Each structure stands twice: as C-alpha cells, then as structure tokens.
Amino acid sequence: MRELNLLRANHLEWRERPDPVLTGPRDAIVRPFVAGRCDGDTLPIHRHVSRPMQLGIRTGLIDPVVAGICGPVPFQGPFAIGHECIAEVLEIGPDVTGLTRGDFVVVPWAVSCGDCPECTRGLTAKCSTTRAGTLAAFGFGPASGPWGGMIADRLRIPYADHMLVRLPDGLDPLRVAAASDNLADAWRCIVAPLTRQPGGSVLVLGGAAQSIGLYAAGLATAHGAEIVDYVDHRPERLAIAEKLGARAHPVKKGKLRRADLPSRRYDIVVEGTSTGAGVDVGLRALQPGGICTPVGYYLPPGTKVPLMHMYANDATLKIGVSHVRPVLPELLDFVARTGFPAEHVTTVLADWDDAPDAYRAHTTKLVLQRPPLGVA
Ligand SMILES: [Zn+2]
Ligand SMILES: [Zn+2]
C-alpha cells in the first residue's frame, strides 16, 4: 500500500509498505479518505530542522524530551507523516462490537487503550498501555511507535471500539477534517474554561499554530464569549478569524510585545505563536483568575514564565498534550448540531493523489480528500 513519507524539508513522496492486517481481536483496519495537515507538521516540512535539532538536544538548547517524541535526530526522513484523518472502516476483529464495515470515523492522533489508569483519567495521549516512550502516535516517526502516518491506504487501529469515534449522521467529513488533532486542541482551550465562566472574554495569539488559533477563535464566538480578539501578522488568517466572528488585530511579524495587543484583559488566552514571548504576553494579558493555554512547541528548556505576575494576578498556565479522544463525542455532536463552519479554516483542499506536492504548501490549513470506497 501507499503511504506519504517526508524525506527531508520540502521533499515528500509516496512509499510502498506492506498492508497492515488485523493482529488482535480488538483491531480494526481503516482507510483514510480525508486528511488534515497538523500545524506542527509544517515545522519539518518547511524548515531543515533535523540536524539543528539533533545538535540542539545534544548541547542543551532544546529540551531532551523532544528526542523521546521524534528520536535523537528529530524528523529524520524518510518517515510516514500525517496525524489527522477521517477514515472508512474496512475490517474489524471478532471482539469489536461498536463498529461496522463502512462506518466513517475520526482517528485520534494519539494511540490509546481506554482502560489503563491514564486513559481512565482522560489522559489518553499518555496511555500507559500503548506508549513505549513519551507518546504513542501516528505520523511522528518510529520513536512514537509503529503506527505509520495517516496519509496512507490502510491503518491498523488497536482497541478500535475505544479509539474510533463515528461521525454523526449527515456531518460533512470535510467540516471535521482536523478533529483528530487541531480542532480538538482548540476545543480543550476554549470550551471547558468558557463553561466555567459563561460569556468570558477570549484572546487568541495566532501564528505558528495556524489552524488551532482560528478554530479556537471560532469556537469561542460559537460558545458565547463576550469578546474574542484574534491577533496575527498574516492577512489570510486575520480574514478567516473575522469570518468566524472574532475581532481581528493585525500586528507586525516578529517578537510579540504587550503594547501590540488590545489594552484590555481577558479571562481566556490561547497562545499559538509558539514563542516564549507569546507565553509571557499571554499570561500578562489575563484578568485575575484567568487561564492561558499555550498550544505550540516550546523547544528551549529555559522558557521564561512570569511567576510573580501570575502569583499577583491568580493566573493559571495550562500546558500539555491534547487528549483528543475524550472530547470527540461532544465536539462532533456540537458541530453536527450547530453547523459550526470549521471548514472556513481550510485554505487549500487538494486531491489525495497530489499529497506529495500539496502537503508542502505554504498555507494555513491543507486538507486532502478522495472519495470513500463505500463498502457499507
Ligand atoms: Zn499535531
Ligand atoms: Zn490507556
């Protein structure tokens, strides 16, 4: 079967590998037919980061945990990339009871069992059954397990009844192309804090987490935030934020300063610039009791956090990998029920066969599609 591999920056190609087969009674085999490009994938696609990151880990400029996720030479090609997809169920093992051949399902980016102590607490991205190292995930290379990338003809899914979440009837798969990761990541930043504080004000610092920031801005307006301010340097994303009901605040590209932001304070801040400066100004922009969730990669071990400011203002910094599986049922139901137009964030919709070229596009959100087989 065919699987998209990243060879090195700006070079991707289809590679052949043996078809995955059912190996246990709780497995399923699925065929992805819609795939989103995670914001994080643009790092190794657009920049020659492999050797510099290897050197950075060795010399202490990059946190060693990165090697646990991506290996001692991070993003070393070739490896199978991609970890957002909607797939069609092709085969199920004899113990799978909740799925049928032909079902359309979301496959979460992290592989989890559903039964271990971590999964039971909702920390599915830290599942202790599936994890050999820091994470068990699709599309990050062999250090995160043998699962392969999602831009492939077939995937083997363990613990399929737990892992796979069926799309509600009538929900357009293109609308939730990023539910495996970026859309669910935005959901956890916004929905729980807004539930605790209905009508709260929201600031999104956009940029590196290109689509997460936009999904967050849209979800905030859709969940009744009183104010949603979206800050970014790129006109394309500012326009999408406005379309989703946020107020767009253009800033110059470069290090973010508090003076660049609107002068008010916020109950909820989503930090998507992937910079220490973003974390700092995000925390300083909080109202007393506010919460800031950074969603980028913060590679250096010494990112500064303004603890005294946080102490004086009762600020919460919530940081961690996104546990997608537990939020998916509620997220998918919300999108199906309200018609939340998540597809407005998609800036390039490409044909699946064109993935090697399309996946390196310099664009906010790439989505690949091909027709499902219709095996039901
Ligand atoms: Zn991701
Ligand atoms: Zn588990």
# chains A, B, ... in the order shown; residues from 1 in each chain; ligands from 1
>>> residues_near_ligand(ligand="ligand 2", cutoff="10 Å", atoms="only C-alpha atoms and all ligand atoms", output="PyMOL selection string")
chain A and resi 111-131+159+162
>>> write_last_selection(atoms="C-alpha atoms", output="tab-separated table (two decimals), in the first residue's frame")
chain	number	residue	atom	x	y	z
A	111	VAL	CA	-2.98	5.77	20.18
A	112	SER	CA	-4.70	4.76	23.43
A	113	CYS	CA	-6.31	1.74	25.07
A	114	GLY	CA	-9.21	3.26	27.01
A	115	ASP	CA	-8.65	1.09	30.11
A	116	CYS	CA	-5.31	2.00	31.75
A	117	PRO	CA	-5.09	4.42	34.71
A	118	GLU	CA	-4.16	7.34	32.43
A	119	CYS	CA	-6.95	6.66	29.92
A	120	THR	CA	-9.43	6.27	32.78
A	121	ARG	CA	-8.47	9.78	33.94
A	122	GLY	CA	-8.94	11.18	30.42
A	123	LEU	CA	-5.20	11.44	29.70
A	124	THR	CA	-5.42	9.32	26.56
A	125	ALA	CA	-2.33	10.88	24.92
A	126	LYS	CA	-0.34	9.48	27.84
A	127	CYS	CA	-1.84	5.97	27.67
A	128	SER	CA	0.50	3.61	29.52
A	129	THR	CA	-0.58	0.55	27.52
A	130	THR	CA	0.32	1.81	24.05
A	131	ARG	CA	3.25	4.05	24.94
A	159	TYR	CA	-8.59	-1.01	20.76
A	162	HIS	CA	-12.42	2.81	22.17
>>> residues_around(residues="Glu330 in chain A", least_positions_apart="5", cutoff="12 Å", atoms="only C-alpha atoms", output="list of chain:residue names")
A:Val165, A:Arg166, A:Leu167, A:Pro168, A:Ala179, A:Ala184, A:Trp187, A:Arg188, A:Val191, A:Ala192, A:Val324, A:Arg325, A:Val335, A:Ala336, A:Arg337, A:Thr338
>>> write_last_selection(atoms="N, CA and C atoms", output="CSV table (one decimal), in the first residue's frame")
chain,number,residue,atom,x,y,z
A,165,VAL,N,-14.2,7.1,16.7
A,165,VAL,CA,-15.4,7.7,17.1
A,165,VAL,C,-16.2,8.0,15.8
A,166,ARG,N,-17.4,7.4,15.7
A,166,ARG,CA,-18.2,7.5,14.5
A,166,ARG,C,-18.7,8.9,14.2
A,167,LEU,N,-18.7,9.4,13.0
A,167,LEU,CA,-19.2,10.7,12.7
A,167,LEU,C,-20.8,10.6,12.8
A,168,PRO,N,-21.3,11.7,13.4
A,168,PRO,CA,-22.8,11.7,13.5
A,168,PRO,C,-23.4,11.7,12.0
A,179,ALA,N,-10.5,17.1,13.3
A,179,ALA,CA,-11.0,16.7,14.6
A,179,ALA,C,-10.0,15.8,15.3
A,184,ALA,N,-9.7,19.6,17.9
A,184,ALA,CA,-9.9,19.1,19.3
A,184,ALA,C,-9.0,19.9,20.3
A,187,TRP,N,-10.6,23.0,20.9
A,187,TRP,CA,-11.8,22.8,21.8
A,187,TRP,C,-11.4,22.8,23.3
A,188,ARG,N,-10.3,22.1,23.6
A,188,ARG,CA,-10.0,22.0,25.0
A,188,ARG,C,-9.5,23.3,25.6
A,191,VAL,N,-13.6,25.5,25.4
A,191,VAL,CA,-14.9,25.1,25.8
A,191,VAL,C,-15.0,24.9,27.3
A,192,ALA,N,-14.0,24.1,27.9
A,192,ALA,CA,-14.1,23.9,29.4
A,192,ALA,C,-14.0,25.3,30.1
A,324,VAL,N,-7.4,14.0,22.9
A,324,VAL,CA,-8.4,14.2,21.9
A,324,VAL,C,-9.6,13.3,22.1
A,325,ARG,N,-9.3,12.0,22.4
A,325,ARG,CA,-10.4,11.0,22.4
A,325,ARG,C,-11.5,11.4,23.3
A,335,VAL,N,-20.7,20.2,16.5
A,335,VAL,CA,-20.5,20.6,15.1
A,335,VAL,C,-21.7,20.2,14.2
A,336,ALA,N,-22.2,18.9,14.5
A,336,ALA,CA,-23.3,18.4,13.7
A,336,ALA,C,-24.6,19.2,14.1
A,337,ARG,N,-24.8,19.5,15.3
A,337,ARG,CA,-26.0,20.2,15.8
A,337,ARG,C,-26.0,21.6,15.4
A,338,THR,N,-24.9,22.3,15.5
A,338,THR,CA,-24.9,23.8,15.3
A,338,THR,C,-24.5,24.2,13.9
>>> residues_near_ligand(ligand="ligand 1", cutoff="6 Å", atoms="only C-alpha atoms and all ligand atoms", output="number ranges by chain")
A: 38, 40, 181
>>> select_by_dssp(residues="range 19-125 of chain A", states="alpha helix (DSSP H)", output="PDB file with N, CA and C atoms, in the first residue's frame")
ATOM      1  N   THR A  42       4.202  21.526   9.709  1.00  0.00           N
ATOM      2  CA  THR A  42       4.898  22.478   8.836  1.00  0.00           C
ATOM      3  C   THR A  42       6.330  22.715   9.314  1.00  0.00           C
ATOM      4  N   LEU A  43       6.610  22.426  10.585  1.00  0.00           N
ATOM      5  CA  LEU A  43       7.983  22.640  11.088  1.00  0.00           C
ATOM      6  C   LEU A  43       9.007  21.815  10.286  1.00  0.00           C
ATOM      7  N   PRO A  44       8.873  20.483  10.231  1.00  0.00           N
ATOM      8  CA  PRO A  44       9.876  19.724   9.463  1.00  0.00           C
ATOM      9  C   PRO A  44       9.678  19.814   7.951  1.00  0.00           C
ATOM     10  N   ILE A  45       8.495  20.244   7.493  1.00  0.00           N
ATOM     11  CA  ILE A  45       8.269  20.306   6.045  1.00  0.00           C
ATOM     12  C   ILE A  45       8.914  21.562   5.458  1.00  0.00           C
ATOM     13  N   HIS A  46       8.788  22.668   6.170  1.00  0.00           N
ATOM     14  CA  HIS A  46       9.253  23.933   5.588  1.00  0.00           C
ATOM     15  C   HIS A  46      10.649  24.334   6.032  1.00  0.00           C
ATOM     16  N   SER A  50      16.124  18.976  11.138  1.00  0.00           N
ATOM     17  CA  SER A  50      16.573  17.700  11.679  1.00  0.00           C
ATOM     18  C   SER A  50      17.946  17.795  12.356  1.00  0.00           C
ATOM     19  N   ARG A  51      18.963  18.200  11.599  1.00  0.00           N
ATOM     20  CA  ARG A  51      20.331  18.288  12.151  1.00  0.00           C
ATOM     21  C   ARG A  51      20.434  19.368  13.231  1.00  0.00           C
ATOM     22  N   PRO A  52      19.911  20.585  12.965  1.00  0.00           N
ATOM     23  CA  PRO A  52      19.972  21.606  14.027  1.00  0.00           C
ATOM     24  C   PRO A  52      19.293  21.155  15.326  1.00  0.00           C
ATOM     25  N   MET A  53      18.187  20.421  15.208  1.00  0.00           N
ATOM     26  CA  MET A  53      17.514  19.962  16.430  1.00  0.00           C
ATOM     27  C   MET A  53      18.343  18.884  17.134  1.00  0.00           C
ATOM     28  N   GLN A  54      18.974  18.004  16.340  1.00  0.00           N
ATOM     29  CA  GLN A  54      19.846  16.984  16.930  1.00  0.00           C
ATOM     30  C   GLN A  54      20.968  17.658  17.739  1.00  0.00           C
ATOM     31  N   LEU A  55      21.561  18.666  17.116  1.00  0.00           N
ATOM     32  CA  LEU A  55      22.634  19.417  17.772  1.00  0.00           C
ATOM     33  C   LEU A  55      22.096  20.146  19.006  1.00  0.00           C
ATOM     34  N   GLY A  56      20.919  20.734  18.865  1.00  0.00           N
ATOM     35  CA  GLY A  56      20.289  21.477  19.968  1.00  0.00           C
ATOM     36  C   GLY A  56      20.027  20.581  21.168  1.00  0.00           C
ATOM     37  N   ILE A  57      19.586  19.348  20.905  1.00  0.00           N
ATOM     38  CA  ILE A  57      19.322  18.413  22.005  1.00  0.00           C
ATOM     39  C   ILE A  57      20.634  18.044  22.699  1.00  0.00           C
ATOM     40  N   ARG A  58      21.672  17.805  21.875  1.00  0.00           N
ATOM     41  CA  ARG A  58      22.980  17.428  22.433  1.00  0.00           C
ATOM     42  C   ARG A  58      23.589  18.533  23.282  1.00  0.00           C
ATOM     43  N   THR A  59      23.384  19.776  22.861  1.00  0.00           N
ATOM     44  CA  THR A  59      24.066  20.882  23.543  1.00  0.00           C
ATOM     45  C   THR A  59      23.184  21.563  24.585  1.00  0.00           C
ATOM     46  N   VAL A  65      13.330  16.032  26.001  1.00  0.00           N
ATOM     47  CA  VAL A  65      12.090  15.272  25.813  1.00  0.00           C
ATOM     48  C   VAL A  65      11.712  15.195  24.326  1.00  0.00           C
ATOM     49  N   VAL A  66      12.191  16.154  23.537  1.00  0.00           N
ATOM     50  CA  VAL A  66      11.898  16.156  22.091  1.00  0.00           C
ATOM     51  C   VAL A  66      12.424  14.873  21.448  1.00  0.00           C
ATOM     52  N   ALA A  67      13.588  14.385  21.939  1.00  0.00           N
ATOM     53  CA  ALA A  67      14.146  13.137  21.401  1.00  0.00           C
ATOM     54  C   ALA A  67      13.244  11.957  21.725  1.00  0.00           C
ATOM     55  N   GLY A  68      12.545  12.033  22.846  1.00  0.00           N
ATOM     56  CA  GLY A  68      11.615  10.969  23.220  1.00  0.00           C
ATOM     57  C   GLY A  68      10.428  10.885  22.288  1.00  0.00           C
ATOM     58  N   ILE A  69      10.054  11.995  21.679  1.00  0.00           N
ATOM     59  CA  ILE A  69       8.909  12.016  20.759  1.00  0.00           C
ATOM     60  C   ILE A  69       9.361  11.741  19.331  1.00  0.00           C
ATOM     61  N   CYS A  70      10.419  12.405  18.915  1.00  0.00           N
ATOM     62  CA  CYS A  70      10.826  12.389  17.496  1.00  0.00           C
ATOM     63  C   CYS A  70      12.129  11.641  17.248  1.00  0.00           C
ATOM     64  N   PRO A 117      -4.818   3.327  33.763  1.00  0.00           N
ATOM     65  CA  PRO A 117      -5.090   4.420  34.711  1.00  0.00           C
ATOM     66  C   PRO A 117      -5.102   5.802  34.041  1.00  0.00           C
ATOM     67  N   GLU A 118      -4.195   6.026  33.098  1.00  0.00           N
ATOM     68  CA  GLU A 118      -4.165   7.341  32.431  1.00  0.00           C
ATOM     69  C   GLU A 118      -5.407   7.540  31.581  1.00  0.00           C
ATOM     70  N   CYS A 119      -5.754   6.538  30.773  1.00  0.00           N
ATOM     71  CA  CYS A 119      -6.952   6.663  29.923  1.00  0.00           C
ATOM     72  C   CYS A 119      -8.199   6.870  30.786  1.00  0.00           C
ATOM     73  N   THR A 120      -8.271   6.151  31.903  1.00  0.00           N
ATOM     74  CA  THR A 120      -9.429   6.270  32.783  1.00  0.00           C
ATOM     75  C   THR A 120      -9.575   7.698  33.316  1.00  0.00           C
TER      76      THR A 120
END
>>> residues_around(residues="Pro341 in chain A", least_positions_apart="2", cutoff="9 Å", atoms="only C-alpha atoms", output="PyMOL selection string")
chain A and resi 175+218+244+335+338-339+343-345
>>> select_by_dssp(residues="range 15-120 of chain A", states="strand (DSSP E or B)", output="number ranges by chain")
A: 15-16, 28-36, 79-81, 85-92, 104-107, 110
>>> write_last_selection(atoms="C-alpha atoms", output="PDB file, in the first residue's frame")
ATOM      1  CA  ARG A  15       6.369   4.976  -0.484  1.00  0.00           C
ATOM      2  CA  GLU A  16       5.145   1.407  -0.553  1.00  0.00           C
ATOM      3  CA  ALA A  28      -9.793  -2.567  13.020  1.00  0.00           C
ATOM      4  CA  ILE A  29      -8.384  -1.738   9.591  1.00  0.00           C
ATOM      5  CA  VAL A  30      -9.478   1.633   8.247  1.00  0.00           C
ATOM      6  CA  ARG A  31      -8.940   3.598   5.050  1.00  0.00           C
ATOM      7  CA  PRO A  32      -8.387   7.355   5.497  1.00  0.00           C
ATOM      8  CA  PHE A  33     -10.213   9.460   2.881  1.00  0.00           C
ATOM      9  CA  VAL A  34      -9.999  12.980   4.362  1.00  0.00           C
ATOM     10  CA  ALA A  35      -6.750  14.167   5.950  1.00  0.00           C
ATOM     11  CA  GLY A  36      -5.819  17.484   7.524  1.00  0.00           C
ATOM     12  CA  PHE A  79       9.154   8.717   7.880  1.00  0.00           C
ATOM     13  CA  ALA A  80       5.400   8.481   7.395  1.00  0.00           C
ATOM     14  CA  ILE A  81       3.809  11.826   8.201  1.00  0.00           C
ATOM     15  CA  CYS A  85      -7.950  11.916   9.312  1.00  0.00           C
ATOM     16  CA  ILE A  86     -11.473  10.756   8.748  1.00  0.00           C
ATOM     17  CA  ALA A  87     -11.458   7.116   7.675  1.00  0.00           C
ATOM     18  CA  GLU A  88     -13.764   4.381   6.495  1.00  0.00           C
ATOM     19  CA  VAL A  89     -13.830   1.115   8.452  1.00  0.00           C
ATOM     20  CA  LEU A  90     -12.773  -1.767   6.182  1.00  0.00           C
ATOM     21  CA  GLU A  91     -12.288  -4.707   8.573  1.00  0.00           C
ATOM     22  CA  ILE A  92     -12.981  -5.387  12.236  1.00  0.00           C
ATOM     23  CA  PHE A 104     -16.945   6.857   8.882  1.00  0.00           C
ATOM     24  CA  VAL A 105     -14.770   7.513  11.908  1.00  0.00           C
ATOM     25  CA  VAL A 106     -12.360  10.042  13.409  1.00  0.00           C
ATOM     26  CA  VAL A 107      -8.961   8.564  14.277  1.00  0.00           C
ATOM     27  CA  ALA A 110      -2.573   9.529  19.835  1.00  0.00           C
TER      28      ALA A 110
END
>>> closest_residue(among="A:Leu22, A:Leu6, A:Ala358, A:Ala225", to="Ala160 in chain A", atoms="only C-alpha atoms")
A:Leu22
>>> residues_around(residues="Pro78 in chain A", least_positions_apart="6", cutoff="9 Å", atoms="only C-alpha atoms", output="JSON, numbers by chain")
{"A": [5, 6, 7, 8, 12, 141]}
>>> atom_distance(atom1="CA of Ala9 in chain A", atom2="CA of Arg47 in chain A")
5.7 Å
>>> closest_residue(among="A:Met1, A:Val176, A:Val49, A:Leu205", to="Ser274 in chain A", atoms="only C-alpha atoms")
A:Leu205
>>> residues_around(residues="Gly278 in chain A", least_positions_apart="5", cutoff="9 Å", atoms="only C-alpha atoms", output="ChimeraX atom specification")
/A:205,255-257,271-273,283,294
>>> decode(residues="range 313-356 of chain A", atoms="N, CA and C atoms", output="PDB file, in the first residue's frame")
ATOM      1  N   ASN A 313      -1.728  37.935  40.178  1.00  0.00           N
ATOM      2  CA  ASN A 313      -2.985  38.038  39.431  1.00  0.00           C
ATOM      3  C   ASN A 313      -3.788  36.745  39.410  1.00  0.00           C
ATOM      4  N   ASP A 314      -3.350  35.761  40.164  1.00  0.00           N
ATOM      5  CA  ASP A 314      -4.076  34.496  40.223  1.00  0.00           C
ATOM      6  C   ASP A 314      -4.256  33.910  38.818  1.00  0.00           C
ATOM      7  N   ALA A 315      -3.124  33.757  38.120  1.00  0.00           N
ATOM      8  CA  ALA A 315      -3.168  33.269  36.733  1.00  0.00           C
ATOM      9  C   ALA A 315      -2.926  31.762  36.694  1.00  0.00           C
ATOM     10  N   THR A 316      -3.578  31.102  35.759  1.00  0.00           N
ATOM     11  CA  THR A 316      -3.351  29.666  35.540  1.00  0.00           C
ATOM     12  C   THR A 316      -2.700  29.470  34.182  1.00  0.00           C
ATOM     13  N   LEU A 317      -1.590  28.738  34.171  1.00  0.00           N
ATOM     14  CA  LEU A 317      -0.946  28.323  32.926  1.00  0.00           C
ATOM     15  C   LEU A 317      -1.251  26.847  32.747  1.00  0.00           C
ATOM     16  N   LYS A 318      -2.008  26.533  31.707  1.00  0.00           N
ATOM     17  CA  LYS A 318      -2.390  25.133  31.476  1.00  0.00           C
ATOM     18  C   LYS A 318      -1.660  24.668  30.230  1.00  0.00           C
ATOM     19  N   ILE A 319      -0.715  23.755  30.381  1.00  0.00           N
ATOM     20  CA  ILE A 319       0.038  23.308  29.215  1.00  0.00           C
ATOM     21  C   ILE A 319       0.159  21.796  29.230  1.00  0.00           C
ATOM     22  N   GLY A 320       0.009  21.189  28.067  1.00  0.00           N
ATOM     23  CA  GLY A 320       0.118  19.740  27.967  1.00  0.00           C
ATOM     24  C   GLY A 320      -0.387  19.272  26.615  1.00  0.00           C
ATOM     25  N   VAL A 321      -0.002  18.044  26.255  1.00  0.00           N
ATOM     26  CA  VAL A 321      -0.508  17.486  25.004  1.00  0.00           C
ATOM     27  C   VAL A 321      -2.027  17.409  25.069  1.00  0.00           C
ATOM     28  N   SER A 322      -2.638  17.432  23.903  1.00  0.00           N
ATOM     29  CA  SER A 322      -4.090  17.471  23.855  1.00  0.00           C
ATOM     30  C   SER A 322      -4.649  16.039  23.856  1.00  0.00           C
ATOM     31  N   HIS A 323      -5.566  15.786  24.779  1.00  0.00           N
ATOM     32  CA  HIS A 323      -6.194  14.463  24.902  1.00  0.00           C
ATOM     33  C   HIS A 323      -7.486  14.487  24.090  1.00  0.00           C
ATOM     34  N   VAL A 324      -7.375  14.023  22.876  1.00  0.00           N
ATOM     35  CA  VAL A 324      -8.445  14.213  21.896  1.00  0.00           C
ATOM     36  C   VAL A 324      -9.621  13.266  22.124  1.00  0.00           C
ATOM     37  N   ARG A 325      -9.303  12.012  22.385  1.00  0.00           N
ATOM     38  CA  ARG A 325     -10.371  11.003  22.385  1.00  0.00           C
ATOM     39  C   ARG A 325     -11.543  11.350  23.322  1.00  0.00           C
ATOM     40  N   PRO A 326     -11.271  11.791  24.561  1.00  0.00           N
ATOM     41  CA  PRO A 326     -12.410  12.056  25.454  1.00  0.00           C
ATOM     42  C   PRO A 326     -13.328  13.187  24.975  1.00  0.00           C
ATOM     43  N   VAL A 327     -12.795  14.172  24.221  1.00  0.00           N
ATOM     44  CA  VAL A 327     -13.659  15.301  23.835  1.00  0.00           C
ATOM     45  C   VAL A 327     -14.387  15.064  22.505  1.00  0.00           C
ATOM     46  N   LEU A 328     -13.990  14.026  21.765  1.00  0.00           N
ATOM     47  CA  LEU A 328     -14.542  13.886  20.407  1.00  0.00           C
ATOM     48  C   LEU A 328     -16.072  13.757  20.340  1.00  0.00           C
ATOM     49  N   PRO A 329     -16.706  12.910  21.190  1.00  0.00           N
ATOM     50  CA  PRO A 329     -18.160  12.791  21.048  1.00  0.00           C
ATOM     51  C   PRO A 329     -18.881  14.136  21.194  1.00  0.00           C
ATOM     52  N   GLU A 330     -18.468  14.912  22.215  1.00  0.00           N
ATOM     53  CA  GLU A 330     -19.112  16.200  22.453  1.00  0.00           C
ATOM     54  C   GLU A 330     -18.807  17.173  21.314  1.00  0.00           C
ATOM     55  N   LEU A 331     -17.561  17.168  20.846  1.00  0.00           N
ATOM     56  CA  LEU A 331     -17.152  18.068  19.763  1.00  0.00           C
ATOM     57  C   LEU A 331     -17.934  17.756  18.470  1.00  0.00           C
ATOM     58  N   LEU A 332     -17.970  16.489  18.112  1.00  0.00           N
ATOM     59  CA  LEU A 332     -18.652  16.114  16.855  1.00  0.00           C
ATOM     60  C   LEU A 332     -20.145  16.405  16.940  1.00  0.00           C
ATOM     61  N   ASP A 333     -20.725  16.138  18.112  1.00  0.00           N
ATOM     62  CA  ASP A 333     -22.146  16.428  18.292  1.00  0.00           C
ATOM     63  C   ASP A 333     -22.409  17.931  18.161  1.00  0.00           C
ATOM     64  N   PHE A 334     -21.521  18.739  18.737  1.00  0.00           N
ATOM     65  CA  PHE A 334     -21.681  20.197  18.657  1.00  0.00           C
ATOM     66  C   PHE A 334     -21.640  20.670  17.206  1.00  0.00           C
ATOM     67  N   VAL A 335     -20.656  20.189  16.464  1.00  0.00           N
ATOM     68  CA  VAL A 335     -20.514  20.638  15.066  1.00  0.00           C
ATOM     69  C   VAL A 335     -21.727  20.169  14.243  1.00  0.00           C
ATOM     70  N   ALA A 336     -22.159  18.936  14.479  1.00  0.00           N
ATOM     71  CA  ALA A 336     -23.304  18.412  13.724  1.00  0.00           C
ATOM     72  C   ALA A 336     -24.577  19.195  14.057  1.00  0.00           C
ATOM     73  N   ARG A 337     -24.752  19.530  15.315  1.00  0.00           N
ATOM     74  CA  ARG A 337     -25.985  20.173  15.796  1.00  0.00           C
ATOM     75  C   ARG A 337     -26.041  21.644  15.397  1.00  0.00           C
ATOM     76  N   THR A 338     -24.895  22.339  15.484  1.00  0.00           N
ATOM     77  CA  THR A 338     -24.914  23.795  15.277  1.00  0.00           C
ATOM     78  C   THR A 338     -24.476  24.187  13.873  1.00  0.00           C
ATOM     79  N   GLY A 339     -23.877  23.278  13.133  1.00  0.00           N
ATOM     80  CA  GLY A 339     -23.346  23.649  11.816  1.00  0.00           C
ATOM     81  C   GLY A 339     -22.113  24.534  11.922  1.00  0.00           C
ATOM     82  N   PHE A 340     -21.392  24.447  13.028  1.00  0.00           N
ATOM     83  CA  PHE A 340     -20.164  25.246  13.190  1.00  0.00           C
ATOM     84  C   PHE A 340     -19.266  25.079  11.952  1.00  0.00           C
ATOM     85  N   PRO A 341     -18.963  26.201  11.266  1.00  0.00           N
ATOM     86  CA  PRO A 341     -18.298  26.081   9.947  1.00  0.00           C
ATOM     87  C   PRO A 341     -16.778  25.953  10.041  1.00  0.00           C
ATOM     88  N   ALA A 342     -16.323  24.869  10.641  1.00  0.00           N
ATOM     89  CA  ALA A 342     -14.874  24.671  10.812  1.00  0.00           C
ATOM     90  C   ALA A 342     -14.149  24.666   9.472  1.00  0.00           C
ATOM     91  N   GLU A 343     -14.871  24.338   8.395  1.00  0.00           N
ATOM     92  CA  GLU A 343     -14.213  24.259   7.084  1.00  0.00           C
ATOM     93  C   GLU A 343     -13.763  25.638   6.582  1.00  0.00           C
ATOM     94  N   HIS A 344     -14.240  26.728   7.197  1.00  0.00           N
ATOM     95  CA  HIS A 344     -13.738  28.053   6.806  1.00  0.00           C
ATOM     96  C   HIS A 344     -12.235  28.190   7.034  1.00  0.00           C
ATOM     97  N   VAL A 345     -11.698  27.361   7.920  1.00  0.00           N
ATOM     98  CA  VAL A 345     -10.264  27.444   8.229  1.00  0.00           C
ATOM     99  C   VAL A 345      -9.418  26.772   7.131  1.00  0.00           C
ATOM    100  N   THR A 346     -10.040  25.851   6.383  1.00  0.00           N
ATOM    101  CA  THR A 346      -9.317  25.159   5.303  1.00  0.00           C
ATOM    102  C   THR A 346      -9.013  26.146   4.179  1.00  0.00           C
ATOM    103  N   THR A 347      -7.719  26.325   3.878  1.00  0.00           N
ATOM    104  CA  THR A 347      -7.346  27.277   2.828  1.00  0.00           C
ATOM    105  C   THR A 347      -6.952  26.587   1.524  1.00  0.00           C
ATOM    106  N   VAL A 348      -6.562  25.320   1.611  1.00  0.00           N
ATOM    107  CA  VAL A 348      -6.314  24.554   0.386  1.00  0.00           C
ATOM    108  C   VAL A 348      -6.956  23.176   0.549  1.00  0.00           C
ATOM    109  N   LEU A 349      -7.835  22.829  -0.389  1.00  0.00           N
ATOM    110  CA  LEU A 349      -8.446  21.497  -0.426  1.00  0.00           C
ATOM    111  C   LEU A 349      -7.873  20.798  -1.652  1.00  0.00           C
ATOM    112  N   ALA A 350      -7.072  19.770  -1.441  1.00  0.00           N
ATOM    113  CA  ALA A 350      -6.329  19.155  -2.546  1.00  0.00           C
ATOM    114  C   ALA A 350      -6.747  17.710  -2.751  1.00  0.00           C
ATOM    115  N   ASP A 351      -6.463  17.226  -3.949  1.00  0.00           N
ATOM    116  CA  ASP A 351      -6.746  15.841  -4.264  1.00  0.00           C
ATOM    117  C   ASP A 351      -5.729  14.935  -3.571  1.00  0.00           C
ATOM    118  N   TRP A 352      -6.216  13.834  -3.024  1.00  0.00           N
ATOM    119  CA  TRP A 352      -5.366  12.902  -2.261  1.00  0.00           C
ATOM    120  C   TRP A 352      -4.110  12.506  -3.040  1.00  0.00           C
ATOM    121  N   ASP A 353      -4.289  12.213  -4.330  1.00  0.00           N
ATOM    122  CA  ASP A 353      -3.146  11.753  -5.135  1.00  0.00           C
ATOM    123  C   ASP A 353      -2.048  12.810  -5.250  1.00  0.00           C
ATOM    124  N   ASP A 354      -2.414  14.065  -5.042  1.00  0.00           N
ATOM    125  CA  ASP A 354      -1.425  15.146  -5.151  1.00  0.00           C
ATOM    126  C   ASP A 354      -0.705  15.423  -3.838  1.00  0.00           C
ATOM    127  N   ALA A 355      -0.878  14.546  -2.834  1.00  0.00           N
ATOM    128  CA  ALA A 355      -0.333  14.807  -1.498  1.00  0.00           C
ATOM    129  C   ALA A 355       1.155  15.168  -1.475  1.00  0.00           C
ATOM    130  N   PRO A 356       2.029  14.474  -2.245  1.00  0.00           N
ATOM    131  CA  PRO A 356       3.457  14.817  -2.135  1.00  0.00           C
ATOM    132  C   PRO A 356       3.748  16.290  -2.429  1.00  0.00           C
TER     133      PRO A 356
END
